[in-house]
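What's in input.cif: mmCIF, C-alpha atoms
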```cif
data_my_file
#
loop_
_atom_site.label_atom_id
_atom_site.label_comp_id
_atom_site.auth_asym_id
_atom_site.auth_seq_id
_atom_site.Cartn_x
_atom_site.Cartn_y
_atom_site.Cartn_z
CA MET A 919 145.27 138.38 122.77
CA LYS A 920 146.43 134.83 122.41
CA LEU A 921 144.76 133.60 125.56
CA PHE A 922 141.48 132.56 124.04
CA PRO A 923 142.99 130.49 121.23
CA LEU A 924 145.36 128.97 123.76
CA PHE A 925 142.43 128.11 125.98
CA CYS A 926 140.69 126.43 123.07
CA ARG A 927 143.81 124.48 122.27
CA ALA A 928 144.15 123.02 125.77
CA ASP A 929 142.87 119.61 124.71
CA GLU A 930 145.10 119.62 121.66
CA TYR A 931 148.14 120.34 123.81
CA GLU A 932 147.14 117.73 126.32
CA GLN A 933 147.22 115.16 123.54
CA ARG A 934 150.50 116.46 122.23
CA PHE A 935 152.20 116.27 125.61
CA GLU A 936 150.71 112.82 126.00
CA GLN A 937 152.15 111.66 122.71
CA ILE A 938 155.55 113.25 122.88
CA ARG A 939 156.60 111.91 126.26
CA PRO A 940 157.73 108.44 125.12
CA ARG A 941 159.41 110.02 122.10
CA LEU A 942 161.38 112.38 124.31
CA TYR A 943 162.34 109.46 126.48
CA ARG A 944 163.48 107.38 123.52
CA VAL A 945 165.71 110.11 122.14
CA ALA A 946 167.04 110.99 125.59
CA TYR A 947 167.84 107.35 126.11
CA SER A 948 169.64 107.14 122.78
CA TRP A 949 171.77 110.11 123.85
CA THR A 950 172.49 109.02 127.39
CA ARG A 951 172.01 105.25 127.41
CA ASN A 952 170.79 105.61 130.93
CA ALA A 953 167.14 104.80 131.58
CA ALA A 954 166.81 106.77 134.81
CA LEU A 955 168.52 109.81 133.36
CA ALA A 956 166.45 109.61 130.18
CA GLU A 957 163.29 109.51 132.24
CA ASP A 958 164.45 112.50 134.24
CA LEU A 959 165.33 114.45 131.11
CA ALA A 960 162.00 113.64 129.48
CA GLN A 961 160.19 114.70 132.60
CA GLU A 962 162.19 117.88 133.00
CA THR A 963 161.49 118.70 129.36
CA LEU A 964 157.76 118.22 129.87
CA VAL A 965 157.72 120.35 132.99
CA LYS A 966 159.60 123.12 131.21
CA GLY A 967 157.44 122.76 128.12
CA LEU A 968 154.28 123.07 130.19
CA LYS A 969 155.62 126.11 131.96
CA ARG A 970 156.71 127.85 128.78
CA LEU A 971 153.76 126.89 126.63
CA GLY A 972 152.75 130.52 126.35
CA GLN A 973 156.03 131.25 124.57
CA LEU A 974 155.19 128.88 121.70
CA ASN A 975 153.81 131.05 118.94
CA ASP A 976 153.44 128.46 116.21
CA ALA A 977 151.64 125.28 117.25
CA GLN A 978 153.11 123.45 114.27
CA ARG A 979 156.56 123.86 115.75
CA PHE A 980 155.58 122.05 118.93
CA ASP A 981 157.62 118.88 118.35
CA GLY A 982 160.80 120.70 117.37
CA TRP A 983 160.29 123.14 120.22
CA MET A 984 160.04 120.33 122.75
CA PHE A 985 163.13 118.61 121.39
CA SER A 986 165.00 121.92 121.62
CA ILE A 987 164.08 122.01 125.30
CA LEU A 988 165.28 118.42 125.64
CA THR A 989 168.57 119.39 124.00
CA ASN A 990 169.02 122.22 126.47
CA CYS A 991 168.09 120.03 129.42
CA TRP A 992 170.68 117.48 128.41
CA ARG A 993 173.30 120.14 127.77
CA ASP A 994 172.68 121.56 131.24
CA HIS A 995 172.80 118.15 132.81
CA PHE A 996 175.96 117.26 130.93
CA ARG A 997 177.65 120.44 132.06
CA HIS A 998 176.68 120.05 135.70
CA ASN A 999 176.98 116.35 136.21
CA ARG A 1000 179.47 114.87 133.78
CA GLU A 1001 181.83 113.91 136.60
CA MET A 1002 179.06 112.27 138.57
CA GLU A 1003 177.80 109.75 136.04
CA ASP A 1004 178.81 106.24 136.79
CA ILE A 1005 178.56 102.96 135.03
CA ASP A 1006 176.14 101.54 137.61
CA ASP A 1007 173.47 103.83 136.31
CA MET A 1008 173.23 102.05 133.01
CA ASP A 1009 169.98 100.21 132.94
CA GLU A 1010 168.10 98.92 129.98
CA SER A 1011 165.32 97.19 131.87
CA LEU A 1012 162.73 99.67 130.63
CA PHE A 1013 163.15 98.27 127.16
CA SER A 1014 162.51 94.67 128.10
CA HIS A 1015 159.73 92.80 126.34
CA SER A 1016 158.11 89.48 127.03
CA ARG A 1017 159.56 87.40 124.20
CA SER A 1018 161.00 83.92 124.07
CA PRO A 1019 164.61 83.67 125.26
CA ASP A 1020 165.89 82.84 121.75
CA VAL A 1021 164.17 85.74 120.10
CA GLU A 1022 165.13 87.95 122.99
CA HIS A 1023 168.76 86.96 122.63
CA ASP A 1024 168.92 87.66 118.88
CA GLN A 1025 167.02 90.89 119.19
CA ASN A 1026 169.08 92.04 122.11
CA GLU A 1027 172.29 91.27 120.30
CA ILE A 1028 171.39 93.56 117.40
CA VAL A 1029 169.98 96.15 119.72
CA THR A 1030 173.08 96.09 121.91
CA ARG A 1031 175.40 96.31 118.92
CA VAL A 1032 173.59 99.32 117.52
CA ARG A 1033 173.41 101.04 120.91
CA ASP A 1034 177.10 100.34 121.50
CA ALA A 1035 177.92 101.87 118.16
CA VAL A 1036 175.70 104.91 118.75
CA SER A 1037 177.25 105.50 122.16
CA ARG A 1038 180.67 105.66 120.54
CA LEU A 1039 179.68 108.53 118.27
CA SER A 1040 180.50 112.06 119.25
CA THR A 1041 177.69 113.87 121.04
CA GLY A 1042 176.92 116.06 118.04
CA GLN A 1043 176.80 113.14 115.63
CA ARG A 1044 174.64 111.11 118.02
CA GLN A 1045 172.12 113.92 118.37
CA VAL A 1046 171.82 114.47 114.65
CA VAL A 1047 171.51 110.84 113.63
CA THR A 1048 168.94 110.00 116.32
CA LEU A 1049 166.77 113.02 115.60
CA ILE A 1050 166.74 112.15 111.92
CA ASP A 1051 166.43 108.38 112.14
CA LEU A 1052 164.22 108.01 115.19
CA GLU A 1053 162.13 111.15 115.03
CA GLU A 1054 162.35 111.65 111.27
CA PHE A 1055 162.88 115.36 111.58
CA SER A 1056 163.97 117.14 108.43
CA TYR A 1057 167.50 118.53 108.21
CA VAL A 1058 166.14 122.06 108.65
CA GLU A 1059 164.21 121.07 111.76
CA VAL A 1060 167.29 119.41 113.25
CA ALA A 1061 169.32 122.51 112.50
CA ASN A 1062 166.75 124.56 114.42
CA ILE A 1063 166.53 122.13 117.31
CA LEU A 1064 170.28 121.99 117.81
CA SER A 1065 170.90 125.61 116.77
CA ILE A 1066 173.51 124.65 114.19
CA PRO A 1067 173.79 125.37 110.43
CA ILE A 1068 172.15 122.89 108.09
CA GLY A 1069 175.54 122.15 106.51
CA THR A 1070 176.76 121.00 109.91
CA VAL A 1071 173.71 118.75 110.23
CA MET A 1072 174.54 117.14 106.89
CA SER A 1073 178.21 116.66 107.59
CA ARG A 1074 177.57 115.29 111.10
CA LEU A 1075 174.95 112.94 109.76
CA CYS A 1076 177.29 111.73 107.05
CA ARG A 1077 180.14 111.10 109.47
CA ALA A 1078 177.79 109.48 111.99
CA ARG A 1079 176.46 107.00 109.47
CA GLN A 1080 179.90 106.20 108.13
CA ALA A 1081 181.11 105.57 111.67
CA LEU A 1082 178.06 103.46 112.49
CA GLN A 1083 178.54 101.32 109.41
CA THR A 1084 182.19 100.78 110.26
CA LEU A 1085 181.48 100.01 113.92
CA LEU A 1086 178.67 97.61 113.09
CA ARG A 1087 180.84 95.79 110.56
CA GLU A 1088 183.72 95.55 113.02
CA HIS A 1089 181.50 94.15 115.73
CA ALA A 1090 179.40 91.88 113.57
CA PRO A 1091 179.04 88.51 115.33
CA SER A 1092 181.19 85.66 113.97
CA GLN A 1093 178.03 83.56 113.47
CA THR A 1094 177.12 85.84 110.58
CA LYS A 1095 180.02 84.40 108.69
CA ASP A 1096 178.93 80.88 109.73
CA ALA A 1097 175.44 81.58 108.51
CA VAL A 1098 176.73 82.54 105.09
CA GLN A 1099 178.77 79.39 104.66
CA PRO A 1100 175.97 76.81 104.26
CA ILE A 1101 174.45 78.85 101.44
CA ALA A 1102 177.77 78.86 99.62
CA LEU A 1103 178.07 75.10 100.08
CA ARG A 1104 174.64 74.49 98.61
CA ARG A 1105 175.59 76.52 95.58
CA VAL A 1106 178.71 74.37 95.10
CA LYS A 1107 176.57 71.25 95.09
CA MET B 846 178.82 105.64 77.82
CA THR B 847 179.79 108.85 79.59
CA PRO B 848 181.46 108.36 82.93
CA GLN B 849 179.18 109.40 85.78
CA ARG B 850 180.23 111.70 88.56
CA PRO B 851 180.75 109.83 91.83
CA VAL B 852 177.80 110.28 94.13
CA SER B 853 178.76 111.75 97.49
CA ASP B 854 177.66 110.28 100.79
CA GLU B 855 175.93 113.56 101.64
CA LEU B 856 173.82 113.30 98.52
CA LEU B 857 172.92 109.68 99.20
CA ASN B 858 171.98 110.53 102.77
CA SER B 859 169.73 113.30 101.52
CA PHE B 860 168.16 110.82 99.10
CA VAL B 861 167.53 108.25 101.80
CA ASP B 862 166.13 110.91 104.13
CA ASN B 863 163.81 112.28 101.44
CA GLU B 864 165.50 115.66 101.45
CA LEU B 865 166.06 116.04 97.71
CA GLU B 866 163.93 117.98 95.30
CA THR B 867 161.95 115.98 92.79
CA GLY B 868 164.28 116.57 89.83
CA GLU B 869 167.41 115.69 91.70
CA GLN B 870 165.71 112.67 93.19
CA ALA B 871 164.69 111.45 89.73
CA ARG B 872 168.25 111.82 88.41
CA LEU B 873 169.58 109.87 91.33
CA PHE B 874 166.98 107.14 90.81
CA THR B 875 168.29 106.71 87.29
CA SER B 876 171.88 106.51 88.48
CA ILE B 877 170.99 103.98 91.14
CA GLU B 878 169.25 101.75 88.63
CA GLN B 879 172.35 101.68 86.49
CA ASP B 880 174.92 101.23 89.20
CA ALA B 881 174.86 98.13 91.40
CA ALA B 882 177.43 99.54 93.82
CA LEU B 883 175.40 102.70 94.26
CA LYS B 884 172.28 100.63 94.80
CA GLN B 885 174.13 98.71 97.51
CA ARG B 886 175.14 101.93 99.25
CA VAL B 887 171.53 103.09 99.28
CA CYS B 888 170.39 99.72 100.63
CA ASP B 889 173.03 99.91 103.35
CA LEU B 890 171.84 103.36 104.40
CA HIS B 891 168.21 102.23 104.45
CA GLY B 892 169.25 99.19 106.47
CA LEU B 893 171.10 101.38 108.92
CA LYS B 894 168.05 103.59 109.43
CA LYS B 895 165.92 100.51 110.07
CA MET B 896 168.44 99.16 112.54
CA MET B 897 168.45 102.44 114.41
CA GLN B 898 164.66 102.40 114.65
CA HIS B 899 164.75 98.78 115.76
CA ALA B 900 167.36 99.49 118.43
CA TYR B 901 165.34 102.29 120.00
CA PRO B 902 161.67 101.32 120.07
CA LEU B 903 159.22 103.59 121.77
CA PRO B 904 159.04 102.59 125.43
CA PRO B 905 156.40 99.86 125.67
CA VAL B 906 155.42 100.04 129.31
CA SER B 907 156.71 102.56 131.72
CA MET B 908 156.31 105.72 129.73
CA ASN B 909 152.85 104.73 128.50
CA ARG B 910 151.36 104.38 131.94
CA PRO B 911 150.27 100.74 131.97
CA GLY B 912 147.52 101.18 134.51
CA ARG B 913 145.77 103.74 132.34
CA ARG B 914 146.16 102.50 128.84
CA MET B 915 142.96 104.04 127.52
CA ARG B 916 143.90 107.46 128.76
CA PRO B 917 147.55 107.53 129.61
CA TRP B 918 147.60 111.18 130.64
CA PRO B 919 144.65 111.72 132.91
CA GLY B 920 142.56 114.81 133.46
CA THR B 921 145.24 116.29 135.64
CA MET B 922 147.09 117.30 132.51
CA THR B 923 144.11 119.24 131.26
CA GLN B 924 143.86 120.87 134.62
CA TYR B 925 147.55 121.66 134.50
CA VAL B 926 147.39 123.16 131.03
CA LEU B 927 144.31 125.11 132.00
CA GLY B 928 146.02 126.07 135.22
CA MET B 929 148.95 127.40 133.26
CA LEU B 930 146.59 129.40 131.09
CA VAL B 931 144.97 130.89 134.16
CA LEU B 932 148.44 131.74 135.43
CA LEU B 933 149.15 133.39 132.11
CA LEU B 934 146.01 135.49 132.48
CA VAL B 935 146.76 136.47 136.06
CA GLY B 936 150.45 136.93 135.39
CA GLY B 937 149.87 138.94 132.26
CA SER B 938 147.80 141.48 134.14
CA SER B 939 149.88 141.70 137.30
CA GLY B 940 153.39 141.32 136.05
CA TRP B 941 153.83 138.40 138.42
CA MET B 942 154.86 136.12 135.58
CA LEU B 943 157.81 138.31 134.77
CA SER B 944 159.42 137.50 138.08
CA ASP B 945 159.60 133.88 136.98
CA ALA B 946 160.47 133.03 140.53
CA ASN B 947 157.94 130.69 141.97
CA THR B 948 156.50 127.72 140.17
CA MET B 949 157.86 128.76 136.82
CA ASN B 950 161.45 128.25 137.80
CA SER B 951 161.32 125.57 140.41
CA VAL B 952 163.12 122.99 138.32
CA SER B 953 166.14 125.18 137.81
CA ARG B 954 166.09 126.04 141.49
CA THR B 955 166.83 122.46 142.32
CA SER B 956 170.57 122.66 142.45
CA ARG B 957 170.49 126.10 144.06
CA LEU B 958 168.20 124.83 146.74
CA LEU B 959 170.44 121.90 147.53
CA LYS B 960 173.43 124.19 147.71
CA THR B 961 171.53 126.53 149.98
CA ILE B 962 170.58 123.66 152.20
CA GLN B 963 174.12 122.28 152.20
CA SER B 964 175.66 125.64 152.97
CA GLY B 965 173.22 126.08 155.85
CA SER B 966 172.46 129.64 154.87
CA MET B 967 168.76 128.96 154.34
CA ALA B 968 168.38 132.27 152.63
CA GLN B 969 165.18 131.24 150.91
CA ASN B 970 163.62 129.35 153.81
CA PRO B 971 161.61 126.88 151.77
CA ASP B 972 159.00 125.28 153.96
CA LYS B 973 157.62 122.64 151.62
CA ILE B 974 159.99 120.46 149.67
CA ILE B 975 159.46 117.48 147.42
CA VAL B 976 162.55 115.35 146.86
CA GLN B 977 162.52 113.07 143.85
CA VAL B 978 164.62 109.92 143.96
CA SER B 979 164.85 108.14 140.63
CA ASN B 980 168.17 106.38 140.92
CA ALA B 981 168.90 103.06 142.62
CA ASN B 982 172.54 103.82 143.26
CA PRO B 983 172.87 103.29 147.05
CA ILE B 984 175.29 106.21 147.30
CA ARG B 985 172.72 108.55 145.84
CA LEU B 986 169.92 107.07 147.92
CA LYS B 987 171.99 107.58 151.04
CA ALA B 988 172.79 111.14 149.98
CA ALA B 989 169.08 111.87 149.52
CA LEU B 990 168.25 110.51 152.96
CA ASP B 991 171.21 112.29 154.58
CA GLU B 992 170.31 115.61 153.02
CA THR B 993 166.67 115.27 153.96
CA GLU B 994 167.52 114.32 157.51
CA ASN B 995 169.96 117.24 157.86
CA LEU B 996 167.31 119.56 156.58
CA LEU B 997 164.62 118.23 158.94
CA ASP B 998 167.01 118.47 161.90
CA THR B 999 168.05 122.01 161.05
CA TYR B 1000 164.48 123.18 160.76
CA ARG B 1001 163.55 121.41 163.98
CA ARG B 1002 166.42 123.07 165.83
CA ASN B 1003 165.38 126.46 164.48
CA ARG B 1004 161.72 125.72 165.28
CA GLN B 1005 160.78 126.40 161.69
CA PRO B 1006 157.91 124.59 160.01
CA LEU B 1007 158.82 122.22 157.21
CA GLU B 1008 157.06 119.54 155.19
CA VAL B 1009 159.06 117.11 153.09
CA GLU B 1010 157.94 114.45 150.67
CA ILE B 1011 160.41 111.94 149.30
CA LEU B 1012 159.04 110.64 146.02
CA ALA B 1013 160.63 107.49 144.63
CA ASN B 1014 160.15 106.54 141.01
CA GLY B 1015 161.94 104.55 138.31
CA ASN B 1016 164.91 102.74 139.72
CA GLY B 1017 164.69 104.90 142.81
CA LEU B 1018 161.65 102.87 143.82
CA ASP B 1019 164.14 100.38 145.27
CA LEU B 1020 164.46 102.71 148.23
CA LEU B 1021 160.92 101.87 149.31
CA ARG B 1022 160.73 98.19 148.33
CA SER B 1023 160.79 95.99 151.39
CA ASP B 1024 162.68 93.17 149.68
CA VAL B 1025 165.45 95.18 148.01
CA SER B 1026 165.81 98.47 149.86
CA PRO B 1027 169.27 98.93 151.35
CA PHE B 1028 167.73 101.43 153.81
CA ARG B 1029 164.71 99.60 155.18
CA GLN B 1030 165.46 100.36 158.81
CA ARG B 1031 166.48 103.91 158.16
CA VAL B 1032 163.30 104.73 156.29
CA GLY B 1033 161.29 103.34 159.20
CA LEU B 1034 163.31 105.33 161.72
CA MET B 1035 162.91 108.53 159.73
CA GLN B 1036 159.15 107.97 159.47
CA ALA B 1037 158.94 107.55 163.22
CA ARG B 1038 161.19 110.49 164.01
CA TYR B 1039 159.76 113.05 161.61
CA PRO B 1040 155.97 113.30 161.40
CA ASN B 1041 156.46 116.04 158.80
CA LEU B 1042 158.12 113.62 156.39
CA GLU B 1043 156.19 111.42 153.98
CA PHE B 1044 157.48 108.82 151.56
CA TYR B 1045 155.66 108.40 148.26
CA ALA B 1046 156.06 105.63 145.69
CA CYS B 1047 155.25 106.21 142.04
CA ASN B 1048 152.41 103.92 141.05
CA GLN B 1049 153.47 104.06 137.45
CA SER B 1050 156.90 102.67 138.31
CA ILE B 1051 155.27 99.94 140.39
CA ALA B 1052 153.03 98.99 137.46
CA SER B 1053 156.07 98.94 135.21
CA LEU B 1054 157.85 96.45 137.46
CA GLN B 1055 154.71 94.35 137.82
CA ALA B 1056 154.36 94.23 134.05
CA GLN B 1057 157.82 92.68 133.99
CA GLY B 1058 156.64 89.99 136.42
CA ILE B 1059 158.30 91.56 139.46
CA LYS B 1060 156.23 91.49 142.62
CA VAL B 1061 156.50 94.82 144.36
CA ARG B 1062 156.24 94.94 148.14
CA LEU B 1063 156.55 98.35 149.75
CA LEU B 1064 157.75 99.25 153.22
CA PRO B 1065 155.01 100.12 155.75
CA ASP B 1066 153.26 103.50 155.61
CA ILE B 1067 154.39 104.39 152.12
CA ARG B 1068 151.91 106.49 150.21
CA LEU B 1069 151.15 106.07 146.54
CA ALA B 1070 151.37 108.78 143.89
CA GLY B 1071 149.64 108.24 140.55
CA SER B 1072 152.87 109.09 138.82
CA ALA B 1073 155.98 111.04 139.69
CA LEU B 1074 155.23 113.74 137.13
CA GLU B 1075 151.68 114.24 138.38
CA GLU B 1076 152.79 114.48 141.97
CA ILE B 1077 155.64 116.88 141.18
CA ASN B 1078 153.40 119.03 139.01
CA ARG B 1079 150.78 119.09 141.74
CA ARG B 1080 153.24 120.11 144.39
CA VAL B 1081 155.02 122.68 142.23
CA ARG B 1082 151.66 124.26 141.51
CA GLN B 1083 151.03 124.41 145.23
CA GLY B 1084 154.29 126.29 145.71
CA TRP B 1085 156.50 123.45 146.88
CA ASP B 1086 160.18 123.44 146.05
CA TYR B 1087 161.38 120.55 143.98
CA VAL B 1088 164.69 118.82 144.52
CA ARG B 1089 165.89 116.04 142.27
CA THR B 1090 168.71 113.83 143.42
#
```
For this file, produce the structure as structure tokens.
Amino acid sequence: MKLFPLFCRADEYEQRFEQIRPRLYRVAYSWTRNAALAEDLAQETLVKGLKRLGQLNDAQRFDGWMFSILTNCWRDHFRHNREMEDIDDMDESLFSHSRSPDVEHDQNEIVTRVRDAVSRLSTGQRQVVTLIDLEEFSYVEVANILSIPIGTVMSRLCRARQALQTLLREHAPSQTKDAVQPIALRRVK
Amino acid sequence: MTPQRPVSDELLNSFVDNELETGEQARLFTSIEQDAALKQRVCDLHGLKKMMQHAYPLPPVSMNRPGRRMRPWPGTMTQYVLGMLVLLLVGGSSGWMLSDANTMNSVSRTSRLLKTIQSGSMAQNPDKIIVQVSNANPIRLKAALDETENLLDTYRRNRQPLEVEILANGNGLDLLRSDVSPFRQRVGLMQARYPNLEFYACNQSIASLQAQGIKVRLLPDIRLAGSALEEINRRVRQGWDYVRT
């Protein structure tokens, strides 16, 4: 009977659900770039996770298990609604911070460039690189979450990072070059 | 000096992600120390990882429930988890859980329910429905109101009991904000026409807007839900059907 240990672990799971929610949202957002959709996906994942908690045999697999559910939720959503998504839904207001306008501008520029680049990756590459870089899952864990071979994880990751580097270089702001110039001039003097 | 084998990107990625075994890692450390170009590639990969983490910070406000910072997920979650365990106990002995039909599958019933409603067949006759609106797109808001109104009218014509809650959260909160709602009048008319319809606003979404310096004014007679998730969980547990637009 697993009921008694499960009962004893209620508090532990409460904390885990508490902690994983913003992480699910962050990854969902990195996949969809749509705040409302990311919130919906995170919520749907939590609801499903809560309902299926009894199916989780190994508590140590909780994080990966939840991200597997998120993957399935997104896959389902993508299948059912891909024609319905529109550009008006894109909203990054949930990420806003109270910083000075200058800092905000610089930060946002980097953030926007990276998010632009990530959104241009293929779905598979985007999933792999975000799970590894944001959630710091191991390659084996990512392979389990996405139900793909570990070799595919490695090759997708490799291609994703190559593409990101290229895209970020291509879209580097011109002021970067301007910023380098004064240093070169000082050296000449 | 013996020429070194070129180091593949896959290997460098594994190094940066701490996926290599100790021996292989040590060999690569040596190579990196001796090869400036290799060192640069490793630095670039580390930089890329940092940029990714910087670009996607954990949500600072909305997902961490600003009004309840000390205990972002209140006791309801314990009750829910415990509730689920009780369900497991009851279900395990009666076989009820195997049907997976009621609360356990309400999320996936969403689209089916909408289709049922739209087709007018009403095969399942749901009598308590919570409709979540989390999108500010006026087309979707209108669709949610249209569908709800159709449903309420159909039930009224058939003299069937029905309770509906429209729960607005996230960007969907715009529906119920007096200064920005594109459907102010319509919400008021629906409230007056259907006593079995209630509008709820997610308090967490309100707090999120307020934290951004936005003053939130709601339309009259709007009820407050602690958070969308809590309210949906509560209603699903009570046997309500859940529709997300």
Would you compute the distance between CA of Arg1079 in chain B and CA of Phe996 in chain A? Give it in Å to one decimal.
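Distance between the two atoms: 27.5 Å.
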Counting only C-alpha atoms, the residue of A:Arg1031, A:His1089, A:Ile1068, A:Leu1039 that sits nearest Tyr901 in chain B: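 Closest residue, counting only C-alpha atoms: A:Arg1031.
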- Query: In terms of the shortest atom-to-atom distance over all atoms listed in the file, which of B:Thr993, B:Ser1023, B:Asn1041, B:Ser859 is closest to Leu1007 in chain B?
  - Reply: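 Distance minimum relative to Leu1007 in chain B lands on B:Asn1041.
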Practice item. Could you jot down the CA of Gln1080 in chain A to CA of Asp862 in chain B separation for me, Å, one decimal place? Key: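 According to the coordinates, CA of Gln1080 in chain A and CA of Asp862 in chain B are separated by 15.1 Å.
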Practice prompt. Could you please determine the separation between CA of Ala1061 in chain A and CA of Thr1084 in chain A in Å, to one decimal place?
Written response: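 So the answer is 25.4 Å.
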*asked:* I'd like the residues picked by the PyMOL selection byres ((chain A and resi 974-989) around 7) written out as a ChimeraX atom specification, using the chain letters and numbers from the file.
replied: /A:959-960,963,967,971-973,990-993,1059,1063-1064
